[in-house]
Amino acid sequence: MLNYATLKRLVKGKWWTKAQLRSGADGTVAFRGFLGDYRLTIRRDGKPAVVKQVSLVRGTANRFTITIP
């Protein structure tokens with residue numbers, strides 16, 4: 001039986017995807033995550049952050065293009 005502390009550790013630790021990534025020279029970034037909704041915060045060269053919502057869905061390519069002004 002799971003208690004609250006165990007469940008919280010799984011959700012906020014093992015199942016929670018939190019990463020800081022840098023793009024390659026071509027501007028692309030790749031990551032693996034659980035299916036579901038993600039909030040991406042993109043920062044570039046001291047400009048204001050761009051925040052985008054994406055969803056990883058089973059059976060799709062799960063590729064996104066985000067243009068930063």
# chains A, B, ... in the order shown; residues from 1 in each chain; ligands from 1
>>> select_by_dssp(residues="chain A", states="strand (DSSP E or B)", output="PyMOL selection string")
chain A and resi 36-42+50-56
>>> residues_around(residues="A:Ile68", least_positions_apart="2", cutoff="12 Å", atoms="only C-alpha atoms", output="PyMOL selection string")
chain A and resi 27+41-45+47-52+65-66
>>> write_last_selection(atoms="C-alpha atoms", output="mmCIF file, in the first residue's frame")
data_model
loop_
_atom_site.group_PDB
_atom_site.id
_atom_site.type_symbol
_atom_site.label_atom_id
_atom_site.label_comp_id
_atom_site.auth_asym_id
_atom_site.auth_seq_id
_atom_site.Cartn_x
_atom_site.Cartn_y
_atom_site.Cartn_z
ATOM 1 C CA GLY A 27 18.550 24.991 -32.764
ATOM 2 C CA THR A 41 9.945 27.706 -20.782
ATOM 3 C CA ILE A 42 12.430 28.785 -23.438
ATOM 4 C CA ARG A 43 15.067 31.437 -22.815
ATOM 5 C CA ARG A 44 17.480 32.901 -25.346
ATOM 6 C CA ASP A 45 20.196 35.527 -25.112
ATOM 7 C CA LYS A 47 15.325 37.935 -24.056
ATOM 8 C CA PRO A 48 12.041 37.445 -22.177
ATOM 9 C CA ALA A 49 11.118 33.800 -21.718
ATOM 10 C CA VAL A 50 8.707 32.160 -24.140
ATOM 11 C CA VAL A 51 6.306 29.682 -22.505
ATOM 12 C CA LYS A 52 4.566 27.014 -24.607
ATOM 13 C CA THR A 65 8.288 23.567 -33.748
ATOM 14 C CA ILE A 66 8.548 26.590 -31.501
#
>>> atom_distance(atom1="atom CA of A:Phe64", atom2="atom CA of A:Gly24")
15.6 Å
>>> residues_around(residues="A:Arg32", least_positions_apart="3", cutoff="12 Å", atoms="only C-alpha atoms", output="count of residues only")
13
>>> select_by_dssp(residues="chain A", states="helix (DSSP H, G or I)", output="ChimeraX atom specification")
/A:4-14
>>> atom_distance(atom1="atom CA of A:Arg39", atom2="atom CA of A:Ser55")
8.8 Å
>>> atom_distance(atom1="atom CA of A:Arg9", atom2="atom CA of A:Val57")
24.5 Å
>>> closest_residue(among="A:Lys12, A:Leu2, A:Gln20, A:Thr28", to="A:Thr67", atoms="only C-alpha atoms")
A:Thr28
